[in-house]
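To start, the structure itself, in structure tokens.
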Amino acid sequence: MFISLVTETFYPDINGVATTLSQLHAALVAAGHRVQVVCPRAATSRRLSDGIEVAGFALPFYRAVRLGLPATGTLLKSWRQNRPDLVHVATEGPLGFSALRMAHRLGIPVTSSLHTNFHTYMTHYRVGWLAGPAMRYLRWFHNRTALTFIPTDQQASELGALGFDRLTVLGRGVDTRLFNPNQRDDSLRAHWVQLAEIKPAGEPLVALHVGRLAAEKNLNLLIETFSAMRAARPDLVAVVVGDGPERARLAQALPWVIFVGMKRGDALARHYASADLFVFPSKSETFGNVVLEAMASGLSCISFNYAAGCRLIRHGMNGYLADCDDEAGFVAIARACAVDGVGLTGAKAHETAAAFDWGLITQTFEHYLHEVVATQATSARTPPKAVPAAPGELANRGKLGG
């Protein structure tokens, strides 16, 4: 197949959407498909063997996030010259909207995926009044595609109740060759202890958070949680991996925490595996790839019973869960872990994550794309059915003399 993948974010961007799409892209290419990537130009040059980069703009309140401008003419010219079998739209911004329109205009089947709960972000950026219009737009957008891929059954139930059609659950995977307990680096742990200026009585306990440092990530709870853990265990070492507009505020509120900025690849894997606890207070994710990466790295994860946490964690067995409306319970669990240690849940977490192989997920994705293309081809070959006349007197309405 020739698949055109349209997205506002792609490698080398560091976020869950870019990670997921990069994995799907690589797997489809390895399977022999041609995959064209359409995305905005980034500050860091992308090396796309088959791609179109379009103009974009950075969000004023978060410069690291870019959206693509509409590319109607560019897409129309490209797809007329070399028609894709299918267009997959991964993001719903101006670029994605123009791709949906042009694919429909050319009669190319379209699938989509919903990676970001944009409607839930509105309250965090003081535009809560936009949540309703945002949800209506998302529903309108995705209901005009043949399938919408979402990461969990929980989300399928919630979106189905809100009027979203043709939802298909496609899980997330993890690269266990990269993220695994063997990446543990004792010298890195020793460096953290030195930076923290503590002298632990025994083996130090390291709590880690990885993610975009932005308002929608529930970072006030991270401040409260790390503070409670530190009060309960004064020799706790806490490390934050990531960057974003909230970093300065976090660093001011948690001056004893080690902020290391963004990490990728082996460096990120070493940071995961060299910690003991993973603290993830966000409630705005569609999934939360970092939870799966942390579990694969052998960490005990503390999460809400939502998205990846709901899908992956069994409380007390391979991690710890708090109810979504119980932030005090979340803090209490983290405090207890700081005092009592993490037990055996880290090893069980790794066993759980090992089953989430990208290979099976990408095969499932490929299968659904084939089905959509085959269905479209069958529909194109089938003559349209005659519209039956309306019964009784309705059949005569509009006729002269009727």
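By order of appearance in the structure tokens: chains A, B, ..., then residues from 1 within every chain, and ligands from 1 in the order shown.
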- Query: Contacts of region 363-369 of chain A at 9 Å or less, counting only C-alpha atoms, minus same-chain residues fewer than 6 places along, as a list of chain:residue names?
  - Reply: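 Listing them by chain and then by number gives A:Leu24, A:Ala27, A:Leu28, A:Leu86, A:His88, A:Thr111, A:Leu147, A:Phe149, A:Thr168, A:Leu170.
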Output the selection as an mmCIF file, in the first residue's frame - N, CA and C atoms for each residue.
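Final output, saved to part_9.cif:
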```cif
data_model
loop_
_atom_site.group_PDB
_atom_site.id
_atom_site.type_symbol
_atom_site.label_atom_id
_atom_site.label_comp_id
_atom_site.auth_asym_id
_atom_site.auth_seq_id
_atom_site.Cartn_x
_atom_site.Cartn_y
_atom_site.Cartn_z
ATOM 1 N N LEU A 24 4.988 3.136 14.307
ATOM 2 C CA LEU A 24 4.084 2.644 13.261
ATOM 3 C C LEU A 24 4.691 2.864 11.878
ATOM 4 N N ALA A 27 7.501 0.326 11.228
ATOM 5 C CA ALA A 27 6.985 -1.028 11.028
ATOM 6 C C ALA A 27 6.318 -1.174 9.665
ATOM 7 N N LEU A 28 5.560 -0.165 9.236
ATOM 8 C CA LEU A 28 4.902 -0.235 7.935
ATOM 9 C C LEU A 28 5.924 -0.240 6.798
ATOM 10 N N LEU A 86 -4.439 5.202 0.917
ATOM 11 C CA LEU A 86 -5.134 5.590 2.151
ATOM 12 C C LEU A 86 -4.398 6.764 2.772
ATOM 13 N N HIS A 88 -3.900 8.519 6.477
ATOM 14 C CA HIS A 88 -4.126 8.395 7.919
ATOM 15 C C HIS A 88 -3.800 9.734 8.568
ATOM 16 N N THR A 111 -8.419 7.254 7.509
ATOM 17 C CA THR A 111 -8.538 6.815 8.899
ATOM 18 C C THR A 111 -7.914 7.898 9.776
ATOM 19 N N LEU A 147 -12.308 4.935 10.186
ATOM 20 C CA LEU A 147 -12.026 4.376 11.504
ATOM 21 C C LEU A 147 -11.275 5.421 12.314
ATOM 22 N N PHE A 149 -8.699 5.312 15.546
ATOM 23 C CA PHE A 149 -7.947 4.461 16.465
ATOM 24 C C PHE A 149 -7.762 5.186 17.791
ATOM 25 N N THR A 168 -11.929 2.137 17.078
ATOM 26 C CA THR A 168 -11.169 0.886 17.095
ATOM 27 C C THR A 168 -10.022 1.023 18.083
ATOM 28 N N LEU A 170 -6.587 0.450 19.518
ATOM 29 C CA LEU A 170 -5.242 0.054 19.112
ATOM 30 C C LEU A 170 -4.309 0.422 20.258
#
```
Could you pull out the strand (DSSP E or B) residues of region 206-383 of chain A from DSSP and send them as a tab-separated table (two decimals) with N, CA and C atoms, in the first residue's frame?
```tsv
chain	number	residue	atom	x	y	z
A	206	VAL	N	15.09	6.41	44.84
A	206	VAL	CA	14.99	7.44	43.80
A	206	VAL	C	13.59	7.43	43.21
A	207	ALA	N	12.91	8.56	43.29
A	207	ALA	CA	11.60	8.74	42.66
A	207	ALA	C	11.78	9.55	41.38
A	208	LEU	N	11.11	9.12	40.32
A	208	LEU	CA	11.29	9.72	39.00
A	208	LEU	C	9.96	10.19	38.44
A	209	HIS	N	10.02	11.30	37.71
A	209	HIS	CA	8.88	11.73	36.88
A	209	HIS	C	9.42	12.06	35.50
A	210	VAL	N	8.75	11.57	34.46
A	210	VAL	CA	9.13	11.86	33.08
A	210	VAL	C	7.90	12.40	32.36
A	237	VAL	N	15.71	10.84	46.96
A	237	VAL	CA	16.22	11.54	45.78
A	237	VAL	C	15.09	11.58	44.75
A	238	ALA	N	14.79	12.76	44.23
A	238	ALA	CA	13.73	12.90	43.21
A	238	ALA	C	14.32	13.52	41.95
A	239	VAL	N	13.98	12.95	40.80
A	239	VAL	CA	14.51	13.38	39.51
A	239	VAL	C	13.35	13.64	38.56
A	240	VAL	N	13.42	14.74	37.82
A	240	VAL	CA	12.41	15.06	36.81
A	240	VAL	C	13.09	15.14	35.45
A	241	VAL	N	12.59	14.33	34.51
A	241	VAL	CA	13.07	14.33	33.13
A	241	VAL	C	11.99	14.99	32.27
A	258	ILE	N	16.06	17.21	41.34
A	258	ILE	CA	17.03	17.30	40.26
A	258	ILE	C	16.29	17.35	38.92
A	259	PHE	N	16.43	18.45	38.18
A	259	PHE	CA	15.81	18.61	36.87
A	259	PHE	C	16.89	18.42	35.81
A	277	LEU	N	11.01	4.36	41.80
A	277	LEU	CA	9.58	4.67	41.76
A	277	LEU	C	9.30	5.64	40.62
A	278	PHE	N	8.17	5.45	39.97
A	278	PHE	CA	7.75	6.38	38.93
A	278	PHE	C	6.45	7.03	39.37
A	279	VAL	N	6.45	8.34	39.45
A	279	VAL	CA	5.30	9.10	39.95
A	279	VAL	C	4.66	9.82	38.77
A	280	PHE	N	3.39	9.49	38.49
A	280	PHE	CA	2.72	10.01	37.30
A	280	PHE	C	1.32	10.51	37.67
A	285	GLU	N	-4.20	12.32	29.86
A	285	GLU	CA	-3.64	11.53	28.78
A	285	GLU	C	-4.72	10.72	28.05
A	300	SER	N	8.33	0.57	39.95
A	300	SER	CA	7.00	0.58	40.55
A	300	SER	C	6.36	1.92	40.22
A	301	CYS	N	5.22	1.89	39.56
A	301	CYS	CA	4.56	3.11	39.10
A	301	CYS	C	3.38	3.47	40.00
A	302	ILE	N	3.26	4.75	40.27
A	302	ILE	CA	2.11	5.28	41.01
A	302	ILE	C	1.32	6.13	40.03
A	303	SER	N	0.08	5.76	39.77
A	303	SER	CA	-0.71	6.40	38.72
A	303	SER	C	-2.17	6.45	39.17
A	304	PHE	N	-2.95	7.24	38.46
A	304	PHE	CA	-4.40	7.18	38.65
A	304	PHE	C	-4.96	6.01	37.84
A	315	HIS	N	-3.32	-2.89	41.22
A	315	HIS	CA	-2.86	-2.26	42.45
A	315	HIS	C	-2.22	-3.27	43.41
A	319	GLY	N	2.20	-2.42	40.53
A	319	GLY	CA	2.21	-0.97	40.65
A	319	GLY	C	1.13	-0.53	41.61
A	320	TYR	N	0.82	0.76	41.59
A	320	TYR	CA	-0.13	1.31	42.56
A	320	TYR	C	-1.07	2.29	41.86
A	321	LEU	N	-2.35	2.20	42.21
A	321	LEU	CA	-3.38	3.03	41.58
A	321	LEU	C	-4.17	3.80	42.63
A	322	ALA	N	-4.54	5.02	42.27
A	322	ALA	CA	-5.48	5.80	43.07
A	322	ALA	C	-6.69	6.10	42.20
```
- Query: CA of Arg139 (chain A) to CA of Gly163 (chain A): how many Å, to one decimal?
  - Reply: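 Interatomic distance, CA of Arg139 (chain A) to CA of Gly163 (chain A): 7.0 Å.
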Residues flagged alpha helix (DSSP H) by DSSP in region 82-300 of chain A, as a short mmCIF file (atom, residue, chain, number, x, y, z; two decimals) with N, CA and C atoms, in the first residue's frame:
```cif
data_model
loop_
_atom_site.label_atom_id
_atom_site.label_comp_id
_atom_site.auth_asym_id
_atom_site.auth_seq_id
_atom_site.Cartn_x
_atom_site.Cartn_y
_atom_site.Cartn_z
N PRO A 94 -5.03 22.37 11.91
CA PRO A 94 -5.30 22.91 10.57
C PRO A 94 -4.77 22.02 9.45
N LEU A 95 -3.58 21.44 9.64
CA LEU A 95 -3.01 20.55 8.63
C LEU A 95 -3.87 19.30 8.47
N GLY A 96 -4.25 18.70 9.59
CA GLY A 96 -5.10 17.51 9.54
C GLY A 96 -6.45 17.79 8.90
N PHE A 97 -7.01 18.96 9.21
CA PHE A 97 -8.30 19.34 8.63
C PHE A 97 -8.20 19.46 7.11
N SER A 98 -7.13 20.09 6.63
CA SER A 98 -6.98 20.24 5.18
C SER A 98 -6.75 18.87 4.52
N ALA A 99 -6.06 17.97 5.20
CA ALA A 99 -5.84 16.62 4.65
C ALA A 99 -7.15 15.86 4.55
N LEU A 100 -7.99 15.99 5.57
CA LEU A 100 -9.30 15.32 5.54
C LEU A 100 -10.13 15.82 4.37
N ARG A 101 -10.14 17.13 4.16
CA ARG A 101 -10.92 17.71 3.06
C ARG A 101 -10.41 17.24 1.70
N MET A 102 -9.10 17.26 1.51
CA MET A 102 -8.55 16.90 0.20
C MET A 102 -8.69 15.40 -0.08
N ALA A 103 -8.56 14.58 0.95
CA ALA A 103 -8.75 13.14 0.75
C ALA A 103 -10.19 12.86 0.34
N HIS A 104 -11.15 13.50 1.00
CA HIS A 104 -12.55 13.33 0.62
C HIS A 104 -12.79 13.82 -0.81
N ARG A 105 -12.18 14.94 -1.15
CA ARG A 105 -12.37 15.51 -2.49
C ARG A 105 -11.88 14.54 -3.57
N LEU A 106 -10.79 13.82 -3.28
CA LEU A 106 -10.21 12.90 -4.25
C LEU A 106 -10.74 11.48 -4.12
N PHE A 118 -7.56 17.24 23.63
CA PHE A 118 -7.46 18.69 23.56
C PHE A 118 -8.59 19.37 24.35
N HIS A 119 -9.77 18.77 24.31
CA HIS A 119 -10.92 19.40 24.99
C HIS A 119 -10.70 19.49 26.48
N THR A 120 -9.92 18.56 27.07
CA THR A 120 -9.67 18.61 28.52
C THR A 120 -8.59 19.63 28.85
N TYR A 121 -7.79 20.03 27.87
CA TYR A 121 -6.71 20.98 28.13
C TYR A 121 -7.25 22.39 28.36
N ALA A 131 -14.14 24.17 25.73
CA ALA A 131 -14.17 22.71 25.83
C ALA A 131 -15.31 22.12 25.02
N GLY A 132 -16.51 22.73 25.11
CA GLY A 132 -17.66 22.22 24.36
C GLY A 132 -17.45 22.30 22.85
N PRO A 133 -17.09 23.48 22.32
CA PRO A 133 -16.81 23.56 20.88
C PRO A 133 -15.69 22.63 20.43
N ALA A 134 -14.66 22.46 21.28
CA ALA A 134 -13.55 21.55 20.91
C ALA A 134 -14.05 20.12 20.78
N MET A 135 -14.89 19.69 21.71
CA MET A 135 -15.43 18.33 21.65
C MET A 135 -16.31 18.15 20.42
N ARG A 136 -17.11 19.15 20.10
CA ARG A 136 -17.97 19.04 18.92
C ARG A 136 -17.13 18.95 17.65
N TYR A 137 -16.05 19.73 17.60
CA TYR A 137 -15.17 19.66 16.43
C TYR A 137 -14.50 18.29 16.33
N LEU A 138 -13.99 17.77 17.44
CA LEU A 138 -13.33 16.46 17.42
C LEU A 138 -14.30 15.37 16.96
N ARG A 139 -15.53 15.43 17.46
CA ARG A 139 -16.54 14.44 17.05
C ARG A 139 -16.83 14.57 15.56
N TRP A 140 -17.03 15.80 15.09
CA TRP A 140 -17.29 16.03 13.67
C TRP A 140 -16.13 15.50 12.83
N PHE A 141 -14.91 15.81 13.23
CA PHE A 141 -13.72 15.43 12.47
C PHE A 141 -13.60 13.91 12.38
N HIS A 142 -13.62 13.23 13.51
CA HIS A 142 -13.36 11.79 13.51
C HIS A 142 -14.51 10.99 12.92
N ASP A 153 -9.94 0.63 25.95
CA ASP A 153 -11.37 0.35 26.01
C ASP A 153 -12.10 1.42 26.82
N GLN A 154 -11.45 1.91 27.87
CA GLN A 154 -12.04 2.95 28.70
C GLN A 154 -12.39 4.18 27.86
N GLN A 155 -11.46 4.58 27.01
CA GLN A 155 -11.70 5.74 26.16
C GLN A 155 -12.77 5.44 25.12
N ALA A 156 -12.79 4.21 24.62
CA ALA A 156 -13.82 3.83 23.64
C ALA A 156 -15.20 3.99 24.24
N SER A 157 -15.36 3.57 25.49
CA SER A 157 -16.65 3.68 26.16
C SER A 157 -17.04 5.14 26.35
N GLU A 158 -16.09 5.95 26.80
CA GLU A 158 -16.37 7.36 27.05
C GLU A 158 -16.71 8.11 25.76
N LEU A 159 -15.92 7.90 24.72
CA LEU A 159 -16.16 8.62 23.46
C LEU A 159 -17.40 8.09 22.75
N GLY A 160 -17.65 6.79 22.85
CA GLY A 160 -18.86 6.24 22.25
C GLY A 160 -20.10 6.87 22.84
N ALA A 161 -20.08 7.09 24.15
CA ALA A 161 -21.22 7.73 24.81
C ALA A 161 -21.40 9.18 24.37
N ASP A 186 24.60 2.49 38.00
CA ASP A 186 24.92 2.83 39.39
C ASP A 186 25.69 4.14 39.49
N SER A 187 26.48 4.44 38.48
CA SER A 187 27.21 5.71 38.52
C SER A 187 26.25 6.89 38.38
N LEU A 188 25.20 6.72 37.59
CA LEU A 188 24.19 7.77 37.47
C LEU A 188 23.46 7.96 38.79
N ARG A 189 23.12 6.87 39.46
CA ARG A 189 22.49 6.97 40.78
C ARG A 189 23.41 7.69 41.77
N ALA A 190 24.68 7.36 41.74
CA ALA A 190 25.63 8.01 42.64
C ALA A 190 25.73 9.51 42.34
N HIS A 191 25.65 9.86 41.06
CA HIS A 191 25.68 11.27 40.66
C HIS A 191 24.46 12.00 41.20
N TRP A 192 23.31 11.36 41.15
CA TRP A 192 22.09 11.97 41.69
C TRP A 192 22.22 12.20 43.19
N VAL A 193 22.74 11.22 43.89
CA VAL A 193 22.91 11.35 45.34
C VAL A 193 23.85 12.52 45.66
N GLN A 194 24.89 12.66 44.85
CA GLN A 194 25.82 13.76 45.05
C GLN A 194 25.14 15.11 44.82
N LEU A 195 24.35 15.19 43.74
CA LEU A 195 23.64 16.44 43.45
C LEU A 195 22.62 16.76 44.54
N ALA A 196 22.00 15.73 45.10
CA ALA A 196 20.99 15.93 46.13
C ALA A 196 21.60 16.32 47.47
N LEU A 219 0.58 19.17 37.55
CA LEU A 219 1.87 19.29 38.20
C LEU A 219 1.79 19.82 39.63
N ASN A 220 0.69 20.48 39.99
CA ASN A 220 0.53 20.85 41.40
C ASN A 220 0.51 19.61 42.28
N LEU A 221 -0.09 18.55 41.78
CA LEU A 221 -0.10 17.30 42.54
C LEU A 221 1.29 16.68 42.59
N LEU A 222 2.08 16.84 41.54
CA LEU A 222 3.45 16.35 41.59
C LEU A 222 4.24 17.08 42.68
N ILE A 223 4.04 18.39 42.79
CA ILE A 223 4.70 19.17 43.85
C ILE A 223 4.29 18.65 45.22
N GLU A 224 2.98 18.47 45.40
CA GLU A 224 2.47 17.99 46.69
C GLU A 224 2.99 16.59 47.00
N THR A 225 3.02 15.73 46.00
CA THR A 225 3.44 14.34 46.20
C THR A 225 4.92 14.24 46.54
N PHE A 226 5.76 14.89 45.75
CA PHE A 226 7.20 14.86 46.04
C PHE A 226 7.49 15.47 47.41
N SER A 227 6.79 16.54 47.77
CA SER A 227 7.00 17.18 49.07
C SER A 227 6.63 16.23 50.20
N ALA A 228 5.50 15.52 50.05
CA ALA A 228 5.07 14.57 51.09
C ALA A 228 6.05 13.40 51.21
N MET A 229 6.55 12.93 50.08
CA MET A 229 7.53 11.83 50.11
C MET A 229 8.82 12.26 50.78
N ARG A 230 9.25 13.47 50.51
CA ARG A 230 10.48 13.99 51.11
C ARG A 230 10.32 14.19 52.61
N ALA A 231 9.13 14.65 53.01
CA ALA A 231 8.89 14.84 54.45
C ALA A 231 8.91 13.50 55.17
N ALA A 232 8.39 12.47 54.51
CA ALA A 232 8.36 11.14 55.13
C ALA A 232 9.72 10.46 55.09
N ARG A 247 8.46 24.38 33.88
CA ARG A 247 9.70 23.91 34.53
C ARG A 247 10.20 24.89 35.60
N ALA A 248 10.24 26.18 35.27
CA ALA A 248 10.77 27.16 36.23
C ALA A 248 9.93 27.17 37.50
N ARG A 249 8.62 27.11 37.36
CA ARG A 249 7.76 27.11 38.56
C ARG A 249 7.99 25.86 39.39
N LEU A 250 8.13 24.70 38.74
CA LEU A 250 8.39 23.47 39.47
C LEU A 250 9.72 23.53 40.20
N ALA A 251 10.74 24.01 39.52
CA ALA A 251 12.06 24.09 40.13
C ALA A 251 12.07 25.02 41.33
N GLN A 252 11.28 26.07 41.27
CA GLN A 252 11.19 26.99 42.40
C GLN A 252 10.46 26.35 43.58
N ALA A 253 9.40 25.58 43.27
CA ALA A 253 8.63 24.93 44.33
C ALA A 253 9.35 23.73 44.93
N GLY A 265 16.39 8.15 23.80
CA GLY A 265 17.23 7.00 23.51
C GLY A 265 17.84 6.35 24.74
N ASP A 266 19.11 5.96 24.65
CA ASP A 266 19.79 5.26 25.73
C ASP A 266 19.85 6.09 27.00
N ALA A 267 20.03 7.41 26.86
CA ALA A 267 20.09 8.26 28.05
C ALA A 267 18.77 8.22 28.81
N LEU A 268 17.66 8.29 28.10
CA LEU A 268 16.35 8.20 28.75
C LEU A 268 16.17 6.84 29.40
N ALA A 269 16.55 5.77 28.70
CA ALA A 269 16.42 4.42 29.25
C ALA A 269 17.22 4.27 30.54
N ARG A 270 18.43 4.85 30.60
CA ARG A 270 19.25 4.76 31.82
C ARG A 270 18.59 5.52 32.97
N HIS A 271 17.97 6.65 32.66
CA HIS A 271 17.30 7.41 33.72
C HIS A 271 16.13 6.62 34.31
N TYR A 272 15.33 6.01 33.43
CA TYR A 272 14.24 5.16 33.93
C TYR A 272 14.79 4.05 34.82
N ALA A 273 15.70 3.25 34.29
CA ALA A 273 16.12 2.02 34.97
C ALA A 273 16.93 2.30 36.22
N ASN A 289 2.41 6.95 27.34
CA ASN A 289 3.47 6.00 26.99
C ASN A 289 4.54 5.89 28.06
N VAL A 290 4.75 6.97 28.81
CA VAL A 290 5.82 6.95 29.80
C VAL A 290 5.57 5.92 30.90
N VAL A 291 4.30 5.64 31.19
CA VAL A 291 4.00 4.61 32.20
C VAL A 291 4.48 3.25 31.70
N LEU A 292 4.22 2.94 30.45
CA LEU A 292 4.66 1.67 29.89
C LEU A 292 6.19 1.60 29.83
N GLU A 293 6.84 2.70 29.48
CA GLU A 293 8.30 2.72 29.46
C GLU A 293 8.88 2.51 30.85
N ALA A 294 8.28 3.14 31.85
CA ALA A 294 8.75 2.98 33.22
C ALA A 294 8.57 1.55 33.71
N MET A 295 7.42 0.96 33.40
CA MET A 295 7.18 -0.42 33.81
C MET A 295 8.16 -1.37 33.14
N ALA A 296 8.41 -1.16 31.85
CA ALA A 296 9.38 -2.00 31.14
C ALA A 296 10.76 -1.88 31.76
#
```
- Message: Excluding region 347-358 of chain A and its own-chain neighbours fewer than 5 positions away, which residues fall within 8 Å of it when counting only C-alpha atoms? Please give them as a ChimeraX atom specification.
- Response: /A:23,172-176,180-181,292-293,295-300,312-313,317-319
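Of the residues listed (A:Ala328, A:Cys337, A:Ala71, A:Ala308), A:Cys337 shows the shortest atom-to-atom separation from Leu236 (chain A); distances use only C-alpha atoms.
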- Message: Can you tell me which residues surround Asp235 (chain A) at a distance of at most 9 Å, considering only C-alpha atoms, apart from same-chain residues fewer than 6 positions away, and format the answer as a PyMOL selection string?
- Response: chain A and resi 196+198-201+204-205
- Task: Could you please determine the separation between CA of Ser4 (chain A) and CA of Thr152 (chain A) in Å, to one decimal place?
- Result: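 Those two atoms sit 24.5 Å apart.
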- Item | Pro84 (chain A) surroundings by only C-alpha atoms, 7 Å radius, close-in-sequence under 5 positions cut, as an MDAnalysis selection string | chainID A and resid 2:4 79
- Interatomic distance (Å, one decimal) between CA of Val339 (chain A) and CA of Asp276 (chain A):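 Taking CA of Val339 (chain A) and CA of Asp276 (chain A), their separation equals 12.9 Å.
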- Message: With only C-alpha atoms as the counted atoms, please give the residues lying no more than 12 Å from Leu21 (chain A), apart from itself and same-chain residues fewer than 6 positions off, as an MDAnalysis selection string.
- Response: chainID A and resid 5:15 27:28 35 37:39 88:91 112:115 172:173 358 361:362 365
Taking C-alpha atoms for each residue, export the selection above as a PDB file, in the first residue's frame.
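result_20.pdb written:
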```
ATOM      1  CA  LEU A   5       0.562   9.810   7.233  1.00  0.00           C
ATOM      2  CA  VAL A   6      -0.472  13.348   8.168  1.00  0.00           C
ATOM      3  CA  THR A   7       0.611  14.617  11.579  1.00  0.00           C
ATOM      4  CA  GLU A   8       1.459  17.848  13.388  1.00  0.00           C
ATOM      5  CA  THR A   9       4.301  16.090  15.273  1.00  0.00           C
ATOM      6  CA  PHE A  10       6.888  13.517  14.280  1.00  0.00           C
ATOM      7  CA  TYR A  11      10.429  12.466  15.143  1.00  0.00           C
ATOM      8  CA  PRO A  12      12.611  14.125  16.470  1.00  0.00           C
ATOM      9  CA  ASP A  13       9.830  15.711  18.558  1.00  0.00           C
ATOM     10  CA  ILE A  14       9.743  14.246  22.058  1.00  0.00           C
ATOM     11  CA  ASN A  15       6.187  13.300  22.996  1.00  0.00           C
ATOM     12  CA  ALA A  27       6.985  -1.028  11.028  1.00  0.00           C
ATOM     13  CA  LEU A  28       4.902  -0.235   7.935  1.00  0.00           C
ATOM     14  CA  VAL A  35       4.649   5.674   3.798  1.00  0.00           C
ATOM     15  CA  VAL A  37       4.909  11.648   6.071  1.00  0.00           C
ATOM     16  CA  VAL A  38       3.227  15.071   5.907  1.00  0.00           C
ATOM     17  CA  CYS A  39       4.147  17.311   8.837  1.00  0.00           C
ATOM     18  CA  HIS A  88      -4.126   8.395   7.919  1.00  0.00           C
ATOM     19  CA  VAL A  89      -4.643  11.666   9.814  1.00  0.00           C
ATOM     20  CA  ALA A  90      -3.055  11.501  13.252  1.00  0.00           C
ATOM     21  CA  THR A  91      -3.822  15.023  14.500  1.00  0.00           C
ATOM     22  CA  SER A 112      -7.641   8.824  11.981  1.00  0.00           C
ATOM     23  CA  SER A 113      -6.295   8.439  15.471  1.00  0.00           C
ATOM     24  CA  LEU A 114      -7.111  10.385  18.606  1.00  0.00           C
ATOM     25  CA  HIS A 115      -3.932  10.896  20.609  1.00  0.00           C
ATOM     26  CA  ARG A 172       0.483   1.119  22.657  1.00  0.00           C
ATOM     27  CA  GLY A 173       3.727  -0.784  22.711  1.00  0.00           C
ATOM     28  CA  TRP A 358       5.112  -3.133  19.083  1.00  0.00           C
ATOM     29  CA  ILE A 361       0.272  -3.688  17.570  1.00  0.00           C
ATOM     30  CA  THR A 362       1.625  -2.600  14.196  1.00  0.00           C
ATOM     31  CA  PHE A 365      -2.864  -1.447  12.594  1.00  0.00           C
TER      32      PHE A 365
END
```
- Within 8 Å of Asp243 (chain A) using only C-alpha atoms, minus same-chain residues under 3 positions, as a list in words: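 The residues satisfying every condition are Gly211, Arg212, Leu213, Glu246, Arg247, Gly261 and Met262 of chain A.
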